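> You'll find target_29.cif just under this line, and it carries mmCIF, C-alpha atoms (C1' of nucleotides).
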```cif
data_protein
#
loop_
_atom_site.group_PDB
_atom_site.id
_atom_site.type_symbol
_atom_site.label_atom_id
_atom_site.label_comp_id
_atom_site.auth_asym_id
_atom_site.auth_seq_id
_atom_site.Cartn_x
_atom_site.Cartn_y
_atom_site.Cartn_z
ATOM 1 C CA MET A 876 -15.536 -34.755 13.480
ATOM 2 C CA LYS A 877 -13.261 -31.771 13.970
ATOM 3 C CA VAL A 878 -14.527 -28.184 14.126
ATOM 4 C CA VAL A 879 -12.314 -25.089 14.200
ATOM 5 C CA SER A 880 -13.306 -21.535 15.123
ATOM 6 C CA TRP A 881 -10.842 -18.740 14.476
ATOM 7 C CA ASN A 882 -10.908 -14.957 14.563
ATOM 8 C CA ILE A 883 -8.411 -14.434 11.755
ATOM 9 C CA ASN A 884 -8.299 -10.614 11.997
ATOM 10 C CA GLY A 885 -8.368 -10.088 8.234
ATOM 11 C CA ILE A 886 -8.607 -12.810 5.576
ATOM 12 C CA LYS A 887 -6.138 -11.079 3.272
ATOM 13 C CA ALA A 888 -3.462 -10.816 5.967
ATOM 14 C CA ARG A 889 -4.088 -14.404 7.134
ATOM 15 C CA HIS A 890 -4.892 -16.168 3.868
ATOM 16 C CA ASP A 891 -1.754 -18.318 3.631
ATOM 17 C CA ARG A 892 -1.930 -19.225 7.303
ATOM 18 C CA LEU A 893 -5.518 -20.346 6.822
ATOM 19 C CA LEU A 894 -4.602 -22.619 3.918
ATOM 20 C CA ALA A 895 -1.765 -24.081 5.987
ATOM 21 C CA LEU A 896 -4.203 -24.711 8.834
ATOM 22 C CA LEU A 897 -6.575 -26.536 6.468
ATOM 23 C CA ASP A 898 -3.694 -28.632 5.101
ATOM 24 C CA ARG A 899 -2.299 -29.388 8.530
ATOM 25 C CA GLY A 900 -5.458 -30.121 10.464
ATOM 26 C CA ALA A 901 -8.011 -31.119 7.837
ATOM 27 C CA PRO A 902 -10.925 -29.803 9.914
ATOM 28 C CA ASP A 903 -14.406 -30.790 8.769
ATOM 29 C CA VAL A 904 -16.017 -27.445 9.582
ATOM 30 C CA VAL A 905 -14.356 -24.049 10.069
ATOM 31 C CA CYS A 906 -15.960 -20.921 11.536
ATOM 32 C CA LEU A 907 -14.075 -17.720 10.714
ATOM 33 C CA GLN A 908 -14.541 -14.246 12.176
ATOM 34 C CA GLU A 909 -13.297 -10.747 11.362
ATOM 35 C CA LEU A 910 -12.853 -11.345 7.661
ATOM 36 C CA LYS A 911 -12.590 -7.584 7.020
ATOM 37 C CA SER A 912 -13.487 -8.320 3.416
ATOM 38 C CA GLU A 913 -16.437 -7.915 1.128
ATOM 39 C CA ASP A 914 -17.783 -11.159 -0.315
ATOM 40 C CA ALA A 915 -16.945 -10.088 -3.876
ATOM 41 C CA THR A 916 -13.235 -9.802 -3.119
ATOM 42 C CA PHE A 917 -12.916 -12.675 -0.623
ATOM 43 C CA PRO A 918 -9.988 -14.877 -1.726
ATOM 44 C CA GLY A 919 -11.785 -18.235 -1.792
ATOM 45 C CA ASP A 920 -10.090 -20.181 -4.567
ATOM 46 C CA GLY A 921 -7.491 -21.865 -2.357
ATOM 47 C CA ILE A 922 -10.136 -22.827 0.166
ATOM 48 C CA ARG A 923 -12.393 -24.378 -2.464
ATOM 49 C CA ALA A 924 -9.402 -26.106 -4.099
ATOM 50 C CA ARG A 925 -8.907 -27.925 -0.799
ATOM 51 C CA GLY A 926 -12.381 -29.367 -1.012
ATOM 52 C CA TYR A 927 -14.332 -26.932 1.136
ATOM 53 C CA GLU A 928 -17.678 -25.362 0.502
ATOM 54 C CA LEU A 929 -17.317 -21.680 1.365
ATOM 55 C CA HIS A 930 -20.122 -19.435 2.630
ATOM 56 C CA THR A 931 -19.282 -15.846 3.526
ATOM 57 C CA TYR A 932 -21.112 -12.929 5.079
ATOM 58 C CA GLY A 933 -18.697 -10.061 4.770
ATOM 59 C CA GLN A 934 -18.550 -6.313 4.695
ATOM 60 C CA LYS A 935 -15.925 -3.727 3.873
ATOM 61 C CA ALA A 936 -13.102 -3.207 6.410
ATOM 62 C CA TYR A 937 -14.852 -4.533 9.510
ATOM 63 C CA ASN A 938 -16.525 -7.629 10.911
ATOM 64 C CA GLY A 939 -17.466 -10.439 8.545
ATOM 65 C CA VAL A 940 -17.919 -14.168 9.205
ATOM 66 C CA ALA A 941 -17.575 -17.338 7.147
ATOM 67 C CA LEU A 942 -18.515 -21.007 7.311
ATOM 68 C CA LEU A 943 -16.360 -23.653 5.605
ATOM 69 C CA SER A 944 -17.287 -27.316 5.320
ATOM 70 C CA ARG A 945 -15.958 -30.397 3.581
ATOM 71 C CA VAL A 946 -19.502 -31.791 3.663
ATOM 72 C CA PRO A 947 -22.321 -30.021 1.785
ATOM 73 C CA VAL A 948 -24.090 -27.281 3.740
ATOM 74 C CA SER A 949 -27.826 -26.633 3.617
ATOM 75 C CA ASP A 950 -30.116 -23.828 4.798
ATOM 76 C CA VAL A 951 -27.412 -21.143 5.086
ATOM 77 C CA ARG A 952 -28.637 -18.184 7.139
ATOM 78 C CA ARG A 953 -27.046 -14.754 7.528
ATOM 79 C CA GLY A 954 -27.572 -12.269 10.336
ATOM 80 C CA LEU A 955 -29.971 -12.321 13.270
ATOM 81 C CA GLU A 956 -33.066 -12.482 11.059
ATOM 82 C CA ASP A 957 -35.144 -10.280 13.342
ATOM 83 C CA GLY A 958 -35.967 -7.477 10.937
ATOM 84 C CA VAL A 959 -33.641 -4.998 12.638
ATOM 85 C CA ASP A 960 -31.762 -2.793 10.180
ATOM 86 C CA ASP A 961 -28.206 -3.726 11.199
ATOM 87 C CA PRO A 962 -25.431 -3.606 8.580
ATOM 88 C CA GLN A 963 -22.878 -5.393 10.772
ATOM 89 C CA ALA A 964 -22.052 -8.880 9.455
ATOM 90 C CA ARG A 965 -21.641 -10.969 12.595
ATOM 91 C CA LEU A 966 -23.430 -14.297 12.192
ATOM 92 C CA ILE A 967 -23.653 -17.011 9.536
ATOM 93 C CA SER A 968 -24.837 -20.588 9.920
ATOM 94 C CA GLY A 969 -25.721 -23.701 7.981
ATOM 95 C CA ILE A 970 -26.655 -27.323 8.524
ATOM 96 C CA VAL A 971 -23.965 -29.995 8.143
ATOM 97 C CA ASP A 972 -24.889 -33.656 8.732
ATOM 98 C CA GLY A 973 -28.012 -32.655 10.645
ATOM 99 C CA VAL A 974 -26.267 -30.196 12.963
ATOM 100 C CA ARG A 975 -26.472 -26.423 12.512
ATOM 101 C CA PHE A 976 -23.031 -24.809 12.750
ATOM 102 C CA ALA A 977 -22.824 -21.066 13.310
ATOM 103 C CA SER A 978 -19.900 -18.660 13.115
ATOM 104 C CA LEU A 979 -20.335 -15.711 15.475
ATOM 105 C CA TYR A 980 -18.456 -12.451 15.881
ATOM 106 C CA ALA A 981 -19.975 -10.642 18.850
ATOM 107 C CA PRO A 982 -19.331 -6.915 19.293
ATOM 108 C CA ASN A 983 -16.298 -5.833 21.285
ATOM 109 C CA GLY A 984 -18.110 -3.180 23.284
ATOM 110 C CA GLU A 985 -15.162 -0.778 23.479
ATOM 111 C CA ARG A 986 -15.691 0.465 27.041
ATOM 112 C CA VAL A 987 -18.411 0.437 29.652
ATOM 113 C CA GLY A 988 -20.872 3.252 29.046
ATOM 114 C CA SER A 989 -20.070 3.731 25.354
ATOM 115 C CA ASP A 990 -22.595 3.432 22.520
ATOM 116 C CA LYS A 991 -20.758 0.322 21.377
ATOM 117 C CA PHE A 992 -21.212 -1.237 24.815
ATOM 118 C CA ALA A 993 -24.960 -0.639 24.628
ATOM 119 C CA TYR A 994 -24.976 -2.153 21.122
ATOM 120 C CA LYS A 995 -23.134 -5.197 22.451
ATOM 121 C CA LEU A 996 -25.724 -5.838 25.171
ATOM 122 C CA ARG A 997 -28.568 -5.335 22.673
ATOM 123 C CA PHE A 998 -26.814 -7.666 20.235
ATOM 124 C CA TYR A 999 -26.692 -10.348 22.939
ATOM 125 C CA GLU A 1000 -30.437 -9.982 23.548
ATOM 126 C CA ARG A 1001 -31.084 -10.430 19.845
ATOM 127 C CA LEU A 1002 -28.622 -13.324 19.628
ATOM 128 C CA THR A 1003 -30.423 -15.032 22.505
ATOM 129 C CA SER A 1004 -33.721 -14.838 20.609
ATOM 130 C CA TRP A 1005 -32.056 -16.200 17.486
ATOM 131 C CA ALA A 1006 -30.433 -19.058 19.408
ATOM 132 C CA ARG A 1007 -33.702 -19.947 21.168
ATOM 133 C CA ALA A 1008 -35.379 -20.410 17.796
ATOM 134 C CA ARG A 1009 -32.502 -22.482 16.380
ATOM 135 C CA VAL A 1010 -32.314 -24.730 19.466
ATOM 136 C CA ALA A 1011 -35.984 -25.494 18.944
ATOM 137 C CA ASP A 1012 -35.093 -26.681 15.426
ATOM 138 C CA GLY A 1013 -32.392 -29.189 16.390
ATOM 139 C CA PRO A 1014 -28.720 -29.687 17.301
ATOM 140 C CA LEU A 1015 -26.635 -26.511 17.273
ATOM 141 C CA VAL A 1016 -22.950 -25.606 17.557
ATOM 142 C CA VAL A 1017 -22.082 -21.908 17.792
ATOM 143 C CA GLY A 1018 -18.369 -21.241 17.441
ATOM 144 C CA GLY A 1019 -16.911 -17.809 17.547
ATOM 145 C CA ASP A 1020 -15.473 -14.751 19.181
ATOM 146 C CA TYR A 1021 -18.000 -13.904 21.895
ATOM 147 C CA ASN A 1022 -15.901 -11.043 23.274
ATOM 148 C CA ILE A 1023 -16.816 -12.109 26.811
ATOM 149 C CA ALA A 1024 -14.590 -13.839 29.344
ATOM 150 C CA PRO A 1025 -17.239 -15.864 31.217
ATOM 151 C CA SER A 1026 -15.437 -16.037 34.567
ATOM 152 C CA ASP A 1027 -12.289 -14.852 36.324
ATOM 153 C CA LEU A 1028 -10.741 -18.227 35.483
ATOM 154 C CA ASP A 1029 -10.724 -16.960 31.896
ATOM 155 C CA VAL A 1030 -8.699 -13.830 32.669
ATOM 156 C CA HIS A 1031 -4.919 -13.677 33.196
ATOM 157 C CA ASP A 1032 -5.226 -10.873 35.735
ATOM 158 C CA PRO A 1033 -8.778 -10.612 37.077
ATOM 159 C CA PHE A 1034 -7.840 -7.727 39.360
ATOM 160 C CA ALA A 1035 -6.513 -5.610 36.484
ATOM 161 C CA TRP A 1036 -9.538 -6.462 34.299
ATOM 162 C CA ALA A 1037 -12.179 -6.064 37.009
ATOM 163 C CA GLY A 1038 -15.073 -4.029 35.677
ATOM 164 C CA ALA A 1039 -13.527 -3.623 32.218
ATOM 165 C CA ALA A 1040 -15.352 -4.449 29.001
ATOM 166 C CA LEU A 1041 -15.273 -8.209 28.233
ATOM 167 C CA CYS A 1042 -15.248 -8.983 31.965
ATOM 168 C CA THR A 1043 -18.160 -7.062 33.488
ATOM 169 C CA ASP A 1044 -20.944 -8.737 35.440
ATOM 170 C CA GLU A 1045 -23.418 -7.346 32.907
ATOM 171 C CA GLU A 1046 -21.692 -9.052 29.986
ATOM 172 C CA ARG A 1047 -21.257 -12.282 31.924
ATOM 173 C CA ALA A 1048 -24.963 -12.224 32.738
ATOM 174 C CA ALA A 1049 -25.710 -11.783 29.020
ATOM 175 C CA PHE A 1050 -23.542 -14.823 28.264
ATOM 176 C CA THR A 1051 -25.346 -16.859 30.935
ATOM 177 C CA THR A 1052 -28.745 -15.754 29.621
ATOM 178 C CA LEU A 1053 -27.741 -16.858 26.133
ATOM 179 C CA ALA A 1054 -26.646 -20.258 27.443
ATOM 180 C CA LYS A 1055 -29.966 -20.708 29.241
ATOM 181 C CA VAL A 1056 -31.772 -21.289 25.949
ATOM 182 C CA GLY A 1057 -30.092 -24.712 26.044
ATOM 183 C CA LEU A 1058 -26.456 -24.196 25.168
ATOM 184 C CA HIS A 1059 -23.364 -25.423 26.993
ATOM 185 C CA ASP A 1060 -19.838 -24.010 27.013
ATOM 186 C CA ALA A 1061 -18.016 -26.967 25.458
ATOM 187 C CA LEU A 1062 -14.722 -26.474 27.267
ATOM 188 C CA ARG A 1063 -16.432 -26.134 30.646
ATOM 189 C CA ALA A 1064 -18.504 -29.250 29.947
ATOM 190 C CA LEU A 1065 -15.276 -31.174 29.396
ATOM 191 C CA GLU A 1066 -12.982 -29.444 31.891
ATOM 192 C CA PRO A 1067 -14.626 -27.177 34.475
ATOM 193 C CA SER A 1068 -11.431 -25.584 35.729
ATOM 194 C CA ARG A 1069 -8.934 -25.541 32.870
ATOM 195 C CA VAL A 1070 -7.241 -22.243 32.026
ATOM 196 C CA ALA A 1071 -7.303 -21.877 28.235
ATOM 197 C CA PHE A 1072 -6.802 -18.396 26.852
ATOM 198 C CA THR A 1073 -7.679 -17.742 23.201
ATOM 199 C CA TRP A 1074 -6.669 -14.094 22.732
ATOM 200 C CA TRP A 1075 -3.534 -12.158 23.658
ATOM 201 C CA ASP A 1076 -2.897 -8.442 23.032
ATOM 202 C CA TYR A 1077 -0.418 -7.702 20.255
ATOM 203 C CA ARG A 1078 1.112 -5.098 22.549
ATOM 204 C CA MET A 1079 3.316 -5.516 25.595
ATOM 205 C CA LEU A 1080 4.484 -9.022 24.618
ATOM 206 C CA GLY A 1081 1.031 -10.245 25.590
ATOM 207 C CA PHE A 1082 1.426 -13.753 24.190
ATOM 208 C CA GLN A 1083 4.986 -14.262 25.402
ATOM 209 C CA LYS A 1084 3.858 -13.322 28.905
ATOM 210 C CA ASN A 1085 0.635 -15.323 28.520
ATOM 211 C CA ARG A 1086 -1.431 -12.277 29.419
ATOM 212 C CA GLY A 1087 -4.546 -13.626 27.731
ATOM 213 C CA LEU A 1088 -8.291 -13.969 27.895
ATOM 214 C CA ARG A 1089 -10.661 -16.801 26.974
ATOM 215 C CA ILE A 1090 -13.198 -15.042 24.770
ATOM 216 C CA ASP A 1091 -13.576 -17.557 21.905
ATOM 217 C CA HIS A 1092 -16.001 -20.350 22.682
ATOM 218 C CA PHE A 1093 -18.073 -23.200 21.355
ATOM 219 C CA LEU A 1094 -21.601 -23.282 22.723
ATOM 220 C CA VAL A 1095 -23.388 -26.553 21.966
ATOM 221 C CA THR A 1096 -26.782 -28.128 22.576
ATOM 222 C CA ALA A 1097 -27.113 -31.033 25.025
ATOM 223 C CA ASP A 1098 -27.133 -33.716 22.333
ATOM 224 C CA VAL A 1099 -23.809 -32.415 21.000
ATOM 225 C CA ARG A 1100 -22.444 -32.031 24.514
ATOM 226 C CA ALA A 1101 -23.009 -35.732 25.077
ATOM 227 C CA ARG A 1102 -20.733 -36.481 22.127
ATOM 228 C CA LEU A 1103 -17.853 -34.114 22.945
ATOM 229 C CA VAL A 1104 -14.372 -35.601 22.834
ATOM 230 C CA SER A 1105 -11.952 -32.712 23.319
ATOM 231 C CA PHE A 1106 -11.385 -28.947 23.203
ATOM 232 C CA GLU A 1107 -7.988 -27.515 22.336
ATOM 233 C CA VAL A 1108 -6.433 -24.126 21.694
ATOM 234 C CA ASP A 1109 -4.050 -24.094 18.722
ATOM 235 C CA ARG A 1110 -1.427 -21.946 20.432
ATOM 236 C CA ALA A 1111 1.140 -22.648 17.703
ATOM 237 C CA GLU A 1112 -1.012 -20.568 15.353
ATOM 238 C CA ARG A 1113 -0.474 -17.523 17.601
ATOM 239 C CA LYS A 1114 3.315 -17.773 17.045
ATOM 240 C CA GLY A 1115 5.608 -16.911 14.123
ATOM 241 C CA GLN A 1116 5.222 -14.289 11.436
ATOM 242 C CA GLN A 1117 2.010 -12.259 11.212
ATOM 243 C CA PRO A 1118 -0.255 -14.175 13.585
ATOM 244 C CA SER A 1119 -3.817 -13.175 14.357
ATOM 245 C CA ASP A 1120 -4.218 -11.931 17.920
ATOM 246 C CA HIS A 1121 -6.607 -14.888 18.435
ATOM 247 C CA ALA A 1122 -5.618 -18.556 18.384
ATOM 248 C CA PRO A 1123 -7.968 -21.060 16.717
ATOM 249 C CA ILE A 1124 -10.047 -23.235 19.026
ATOM 250 C CA VAL A 1125 -10.544 -26.846 18.011
ATOM 251 C CA LEU A 1126 -13.488 -29.012 19.021
ATOM 252 C CA THR A 1127 -13.623 -32.753 18.432
ATOM 253 C CA ILE A 1128 -17.085 -34.306 18.499
ATOM 254 C "C1'" DA B 291 5.407 5.990 33.315
ATOM 255 C "C1'" DT B 292 -0.793 3.046 32.274
ATOM 256 C "C1'" DG B 293 1.899 2.907 26.660
ATOM 257 C "C1'" DG B 294 3.850 -0.160 23.668
ATOM 258 C "C1'" DC B 295 0.619 -3.529 18.139
ATOM 259 C "C1'" DC B 296 -1.887 -4.593 13.967
ATOM 260 C "C1'" DA B 297 -5.202 -4.403 9.746
ATOM 261 C "C1'" DA B 298 -7.734 -1.761 6.557
ATOM 262 C "C1'" DT B 299 -9.083 2.582 4.567
ATOM 263 C "C1'" DT B 300 -10.257 7.315 5.040
ATOM 264 C "C1'" DT B 301 -3.282 5.925 3.550
ATOM 265 C "C1'" DT B 302 1.811 8.935 5.521
ATOM 266 C "C1'" DA B 303 -3.350 9.849 9.357
ATOM 267 C "C1'" DT B 304 -7.460 7.643 11.226
ATOM 268 C "C1'" DT B 305 -10.466 4.062 13.055
ATOM 269 C "C1'" DG B 306 -11.397 -0.141 15.438
ATOM 270 C "C1'" DG B 307 -9.922 -3.917 17.804
ATOM 271 C "C1'" DA B 308 -9.836 -6.272 23.015
#
```
Please express what this file holds, its structure, as structure tokens.


Amino acid sequence: MKVVSWNINGIKARHDRLLALLDRGAPDVVCLQELKSEDATFPGDGIRARGYELHTYGQKAYNGVALLSRVPVSDVRRGLEDGVDDPQARLISGIVDGVRFASLYAPNGERVGSDKFAYKLRFYERLTSWARARVADGPLVVGGDYNIAPSDLDVHDPFAWAGAALCTDEERAAFTTLAKVGLHDALRALEPSRVAFTWWDYRMLGFQKNRGLRIDHFLVTADVRARLVSFEVDRAERKGQQPSDHAPIVLTI
DNA sequence: ATGGCCAATTTTATTGGA
């Protein structure tokens, strides 16, 4: 099966591109991030017309995640489910063919020392607890924008990014701690040393100069890892008119 | 020289992104 994860940076601005992606690639499951749309106004008709079940967890202007599937989804869950009063819509998941698929939009963190950076680290602690509980339930695939480049191999210019948000040791430790509940970075399981950026800054001709980061990932449980076939970055989707600043990542299981 | 872009709302400025 084919699974896509994509930070679309606004469903309204990327709606036609999304439909084209569904038509072109016919993915079985799609994890979307940064919808920037409330559920009530989410443009879902074209998605459903293409045979997908659509589950959204949105909010006005910011954040928002969605799960699309051509196969029926059960036990849809929204948020971190830990009782914390947190209005930010960053996680949705559901079970498809016995595997739980989650769409994650982790906080950006702005800059080291900011309130948003502290929120990011706290979010990762909470996400780790959530993931530990889900891993105990069964197979899990978490696709999304983690907003962490796990190693210097995932950074176009590690010297320039040293110590900056997305690349700090503290964030990388949070990513490692999350993985220790029993999750594996799918690309690294397949190809330990491949350079595969997933985000490029809109400014400064970032994509044209390939000044990118790998911050979108699939984390999978060991049983899924054993069935991995390939991981690709859909770089073509970063080109042309009105692209998202993230390219979709595509996992074949 | 350390910025340049983009989306959405608070819209002709501001906020957040990464």

> Could you tell me how far atom C1' of DC295 of chain B lies from atom CA of Arg1078 of chain A, in Å and to one decimal?

4.7 Å

> Within 6 Å of (-8.3, -5.1, 13.7) in the file's own coordinates, which protein, DNA or RNA residues have an atom, counting all atoms listed in the file? List them as a list in words.

Asn884 of chain A; DA297 and DG307 of chain B

> Quick one: which residues end up in the PyMOL selection byres ((chain A) within 9 of (chain B)) for this structure, as a ChimeraX atom specification?

/A:884-885,888,911,935-937,983-985,1022,1040-1041,1074-1080,1119-1120

> Excluding Ser1004 of chain A and any residue of its chain fewer than 3 positions from it, enumerate the residues within 9 Å of it, using all atoms listed in the file, and give them as an MDAnalysis selection string.

chainID A and resid 955 957 999:1001 1007:1009 1053 1056

> Grab the atom CA of Val1104 of chain A to atom CA of Tyr927 of chain A distance for me, in Å with one decimal place.

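Separation between atom CA of Val1104 of chain A and atom CA of Tyr927 of chain A: 23.4 Å.
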
> Return the padded bounding box of segment 944-948 of chain A as lines of an AutoDock Vina configuration file: axis-aligned, built from all atoms listed in the file, 6 Å added on each side, with centre and edge lengths in Å to one decimal.


```
center_x = -20.0
center_y = -29.5
center_z = 3.6
size_x = 20.1
size_y = 16.5
size_z = 15.5
```

> If we count all atoms listed in the file, what is near segment 1032-1035 of chain A at a cut-off of 12 Å, once residues fewer than 4 positions away on the same chain are taken out, given as a PDB file with C-alpha atoms (C1' of nucleotides), in the coordinates of the input?


```pdb
ATOM      1  CA  ALA A1024     -14.590 -13.839  29.344  1.00  0.00           C
ATOM      2  CA  PRO A1025     -17.239 -15.864  31.217  1.00  0.00           C
ATOM      3  CA  SER A1026     -15.437 -16.037  34.567  1.00  0.00           C
ATOM      4  CA  ASP A1027     -12.289 -14.852  36.324  1.00  0.00           C
ATOM      5  CA  LEU A1028     -10.741 -18.227  35.483  1.00  0.00           C
ATOM      6  CA  ALA A1039     -13.527  -3.623  32.218  1.00  0.00           C
ATOM      7  CA  ALA A1040     -15.352  -4.449  29.001  1.00  0.00           C
ATOM      8  CA  LEU A1041     -15.273  -8.209  28.233  1.00  0.00           C
ATOM      9  CA  CYS A1042     -15.248  -8.983  31.965  1.00  0.00           C
ATOM     10  CA  THR A1043     -18.160  -7.062  33.488  1.00  0.00           C
ATOM     11  CA  PHE A1072      -6.802 -18.396  26.852  1.00  0.00           C
ATOM     12  CA  GLY A1081       1.031 -10.245  25.590  1.00  0.00           C
ATOM     13  CA  LYS A1084       3.858 -13.322  28.905  1.00  0.00           C
ATOM     14  CA  ASN A1085       0.635 -15.323  28.520  1.00  0.00           C
ATOM     15  CA  ARG A1086      -1.431 -12.277  29.419  1.00  0.00           C
ATOM     16  CA  GLY A1087      -4.546 -13.626  27.731  1.00  0.00           C
ATOM     17  CA  LEU A1088      -8.291 -13.969  27.895  1.00  0.00           C
ATOM     18  CA  ARG A1089     -10.661 -16.801  26.974  1.00  0.00           C
TER      19      ARG A1089
ATOM     20  C1'  DT B 292      -0.793   3.046  32.274  1.00  0.00           C
TER      21       DT B 292
END
```

> So how far away is atom CA of Ile922 of chain A from atom CA of Val940 of chain A, in Å?

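Pair atom CA of Val940 of chain A / atom CA of Ile922 of chain A returns 14.7 Å.
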
> Got a sec: who's within 12 Å of Phe1093 of chain A, counting all atoms listed in the file, leaving out chain neighbours fewer than 6 positions off, as a JSON list (two decimals) with C-alpha atoms, in the coordinates of the input?


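As a result, part16.json now contains:
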```
[["chain", "number", "residue", "atom", "x", "y", "z"],
["A", 878, "VAL", "CA", -14.53, -28.18, 14.13],
["A", 879, "VAL", "CA", -12.31, -25.09, 14.20],
["A", 880, "SER", "CA", -13.31, -21.54, 15.12],
["A", 881, "TRP", "CA", -10.84, -18.74, 14.48],
["A", 905, "VAL", "CA", -14.36, -24.05, 10.07],
["A", 906, "CYS", "CA", -15.96, -20.92, 11.54],
["A", 976, "PHE", "CA", -23.03, -24.81, 12.75],
["A", 977, "ALA", "CA", -22.82, -21.07, 13.31],
["A", 978, "SER", "CA", -19.90, -18.66, 13.12],
["A", 979, "LEU", "CA", -20.34, -15.71, 15.48],
["A", 1015, "LEU", "CA", -26.64, -26.51, 17.27],
["A", 1016, "VAL", "CA", -22.95, -25.61, 17.56],
["A", 1017, "VAL", "CA", -22.08, -21.91, 17.79],
["A", 1018, "GLY", "CA", -18.37, -21.24, 17.44],
["A", 1019, "GLY", "CA", -16.91, -17.81, 17.55],
["A", 1020, "ASP", "CA", -15.47, -14.75, 19.18],
["A", 1021, "TYR", "CA", -18.00, -13.90, 21.90],
["A", 1054, "ALA", "CA", -26.65, -20.26, 27.44],
["A", 1058, "LEU", "CA", -26.46, -24.20, 25.17],
["A", 1059, "HIS", "CA", -23.36, -25.42, 26.99],
["A", 1060, "ASP", "CA", -19.84, -24.01, 27.01],
["A", 1061, "ALA", "CA", -18.02, -26.97, 25.46],
["A", 1062, "LEU", "CA", -14.72, -26.47, 27.27],
["A", 1063, "ARG", "CA", -16.43, -26.13, 30.65],
["A", 1064, "ALA", "CA", -18.50, -29.25, 29.95],
["A", 1065, "LEU", "CA", -15.28, -31.17, 29.40],
["A", 1073, "THR", "CA", -7.68, -17.74, 23.20],
["A", 1099, "VAL", "CA", -23.81, -32.42, 21.00],
["A", 1100, "ARG", "CA", -22.44, -32.03, 24.51],
["A", 1103, "LEU", "CA", -17.85, -34.11, 22.94],
["A", 1105, "SER", "CA", -11.95, -32.71, 23.32],
["A", 1106, "PHE", "CA", -11.38, -28.95, 23.20],
["A", 1107, "GLU", "CA", -7.99, -27.52, 22.34],
["A", 1108, "VAL", "CA", -6.43, -24.13, 21.69],
["A", 1123, "PRO", "CA", -7.97, -21.06, 16.72],
["A", 1124, "ILE", "CA", -10.05, -23.24, 19.03],
["A", 1125, "VAL", "CA", -10.54, -26.85, 18.01],
["A", 1126, "LEU", "CA", -13.49, -29.01, 19.02],
["A", 1127, "THR", "CA", -13.62, -32.75, 18.43],
["A", 1128, "ILE", "CA", -17.08, -34.31, 18.50]]
```

> Please provide as an NGL selection string all residues within 9 Å of segment 963-974 of chain A, with the sequence filter that same-chain residues fewer than 5 positions apart are discarded (counting all atoms listed in the file).

:A and (904 or 906 or 908-909 or 930-934 or 937-942 or 944 or 946-955 or 979-982 or 1013-1017 or 1099)

> Take the residues from that selection and put them in a file with C-alpha atoms, as a short mmCIF file (atom, residue, chain, number, x, y, z; two decimals), in the coordinates of the input.


```
data_model
loop_
_atom_site.label_atom_id
_atom_site.label_comp_id
_atom_site.auth_asym_id
_atom_site.auth_seq_id
_atom_site.Cartn_x
_atom_site.Cartn_y
_atom_site.Cartn_z
CA VAL A 904 -16.02 -27.44 9.58
CA CYS A 906 -15.96 -20.92 11.54
CA GLN A 908 -14.54 -14.25 12.18
CA GLU A 909 -13.30 -10.75 11.36
CA HIS A 930 -20.12 -19.43 2.63
CA THR A 931 -19.28 -15.85 3.53
CA TYR A 932 -21.11 -12.93 5.08
CA GLY A 933 -18.70 -10.06 4.77
CA GLN A 934 -18.55 -6.31 4.70
CA TYR A 937 -14.85 -4.53 9.51
CA ASN A 938 -16.52 -7.63 10.91
CA GLY A 939 -17.47 -10.44 8.54
CA VAL A 940 -17.92 -14.17 9.20
CA ALA A 941 -17.58 -17.34 7.15
CA LEU A 942 -18.52 -21.01 7.31
CA SER A 944 -17.29 -27.32 5.32
CA VAL A 946 -19.50 -31.79 3.66
CA PRO A 947 -22.32 -30.02 1.78
CA VAL A 948 -24.09 -27.28 3.74
CA SER A 949 -27.83 -26.63 3.62
CA ASP A 950 -30.12 -23.83 4.80
CA VAL A 951 -27.41 -21.14 5.09
CA ARG A 952 -28.64 -18.18 7.14
CA ARG A 953 -27.05 -14.75 7.53
CA GLY A 954 -27.57 -12.27 10.34
CA LEU A 955 -29.97 -12.32 13.27
CA LEU A 979 -20.34 -15.71 15.48
CA TYR A 980 -18.46 -12.45 15.88
CA ALA A 981 -19.98 -10.64 18.85
CA PRO A 982 -19.33 -6.92 19.29
CA GLY A 1013 -32.39 -29.19 16.39
CA PRO A 1014 -28.72 -29.69 17.30
CA LEU A 1015 -26.64 -26.51 17.27
CA VAL A 1016 -22.95 -25.61 17.56
CA VAL A 1017 -22.08 -21.91 17.79
CA VAL A 1099 -23.81 -32.42 21.00
#
```

> Starting from the PyMOL selection byres ((chain A and resi 894) around 12), expand the selection into actual residues of this file and give them as a list in words.

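Applying the expression gives Ile883, Ile886, Lys887, Arg889, His890, Asp891, Arg892, Leu893, Ala895, Leu896, Leu897, Asp898, Arg899, Gly900, Ala901, Pro902, Val905, Pro918, Gly919, Asp920, Gly921, Ile922, Arg923, Ala924, Arg925, Gly926, Tyr927 and Leu943 of chain A.
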